[in-house]
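**Student:** Just dropping this structure here.
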Amino acid sequence: MSQRFVDRRRFLLNTALVSAAGVLAEGVRHPAAAFSVYPMSPELKASYLAAKSCGTDQSTHDRITRTVLAKLNAMPAPPPGQSLSETVICPICGCPIVVSRTGS
Ligand SMILES: [Zn+2]
């Protein structure tokens, strides 16, 4: 009776060890992408810096963004996969505001 429990324990231990070895081997071959660091694109970096460094209330930037987006929407649509973008400097704080419209 006790031999049966030992066998079951041994089986579970061996299964756990084999599974852990498999996970470890896979982790060595393909490191987790969640811990990778990628550089920002220039457009994204400008938007990020503008959002983080500007002390102006966001409504001013939203108003500027809406105005520039209306201007971009009045232009002919860009080809699919391309975008129209325009960078405007905020007259209050000097932060760049990047507005873009993608083609559909
Ligand atoms: Zn501003």
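Here's how to read the names in the structure tokens: chain A, B, ... by the order shown, residue numbers from 1 in each chain, ligand numbers from 1 in the order shown.
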Please identify the alpha helix (DSSP H) residues within chain A (assignment by DSSP from backbone atoms) and present them as a PyMOL selection string.

**Tutor:** chain A and resi 2-29+42-53+58-74

**Student:** Please identify all polymer residues within 10 Å of A:Ala77, counting only C-alpha atoms, omitting same-chain residues fewer than 4 positions from it, and present them as a tab-separated table (two decimals) with N, CA and C atoms, in the first residue's frame.

**Tutor:**
```tsv
chain	number	residue	atom	x	y	z
A	72	LEU	N	-6.16	68.52	-41.46
A	72	LEU	CA	-5.68	67.30	-42.14
A	72	LEU	C	-6.84	66.54	-42.78
A	73	ASN	N	-8.00	66.55	-42.12
A	73	ASN	CA	-9.16	65.85	-42.68
A	73	ASN	C	-9.69	66.54	-43.93
A	82	GLN	N	-0.31	54.66	-45.39
A	82	GLN	CA	0.50	55.87	-45.19
A	82	GLN	C	-0.29	56.84	-44.33
A	83	SER	N	0.38	57.88	-43.87
A	83	SER	CA	-0.31	58.83	-43.01
A	83	SER	C	0.14	60.24	-43.31
A	84	LEU	N	-0.73	61.16	-43.00
A	84	LEU	CA	-0.40	62.58	-43.04
A	84	LEU	C	-0.16	63.00	-41.60
A	101	ARG	N	-2.99	61.58	-39.40
A	101	ARG	CA	-4.20	60.96	-39.94
A	101	ARG	C	-3.72	59.84	-40.84
A	102	THR	N	-4.20	58.64	-40.59
A	102	THR	CA	-3.75	57.50	-41.39
A	102	THR	C	-4.73	57.24	-42.52
A	103	GLY	N	-4.21	56.69	-43.60
A	103	GLY	CA	-5.04	56.33	-44.73
A	103	GLY	C	-5.83	55.08	-44.42
A	104	SER	N	-7.01	54.95	-45.00
A	104	SER	CA	-7.82	53.78	-44.70
A	104	SER	C	-7.81	52.81	-45.85
```

**Student:** Which polymer residues have any atom within 10 Å of an atom of stretch 33-48 of chain A, counting only C-alpha atoms, with same-chain residues fewer than 4 positions away left out, as a ChimeraX atom specification?

**Tutor:** /A:52-53,85,87,95-100

**Student:** How would the residues just chosen look if you wrote them out with C-alpha atoms as a PDB file, in the first residue's frame?

**Tutor:**
```
ATOM      1  CA  LYS A  52       4.986  64.520 -19.936  1.00  0.00           C
ATOM      2  CA  SER A  53       6.690  67.922 -19.914  1.00  0.00           C
ATOM      3  CA  SER A  85       1.120  64.219 -40.013  1.00  0.00           C
ATOM      4  CA  THR A  87       3.756  68.977 -35.909  1.00  0.00           C
ATOM      5  CA  CYS A  95       5.762  71.742 -26.621  1.00  0.00           C
ATOM      6  CA  PRO A  96       5.510  69.999 -29.996  1.00  0.00           C
ATOM      7  CA  ILE A  97       2.074  68.552 -30.724  1.00  0.00           C
ATOM      8  CA  VAL A  98       2.096  65.827 -33.373  1.00  0.00           C
ATOM      9  CA  VAL A  99      -1.200  65.165 -35.133  1.00  0.00           C
ATOM     10  CA  SER A 100      -1.519  62.444 -37.733  1.00  0.00           C
TER      11      SER A 100
END
```

**Student:** Atom CA of A:Met75 to atom CA of A:Leu49: how many Å, to one decimal?

**Tutor:** 27.5 Å

**Student:** Of the candidates A:Arg9, A:Pro78, A:Thr60, A:Arg66, which one gets nearest to A:Cys90 if we count only C-alpha atoms?

**Tutor:**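 For A:Cys90, the nearest of the given residues is A:Thr60.
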
**Student:** As a list of chain:residue names, please: all residues of stretch 35-102 of chain A that backbone DSSP puts in strand (DSSP E).

**Tutor:** A:Ser83, A:Leu84, A:Ser85, A:Glu86, A:Thr87, A:Val88, A:Ile89, A:Pro96, A:Ile97, A:Val98, A:Val99, A:Ser100, A:Arg101, A:Thr102

**Student:** Quote the spacing between atom CA of A:Ala74 and atom CA of A:Asp57 in Å to one decimal place.

**Tutor:**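 Result for atom CA of A:Ala74 versus atom CA of A:Asp57: 27.1 Å, one decimal.
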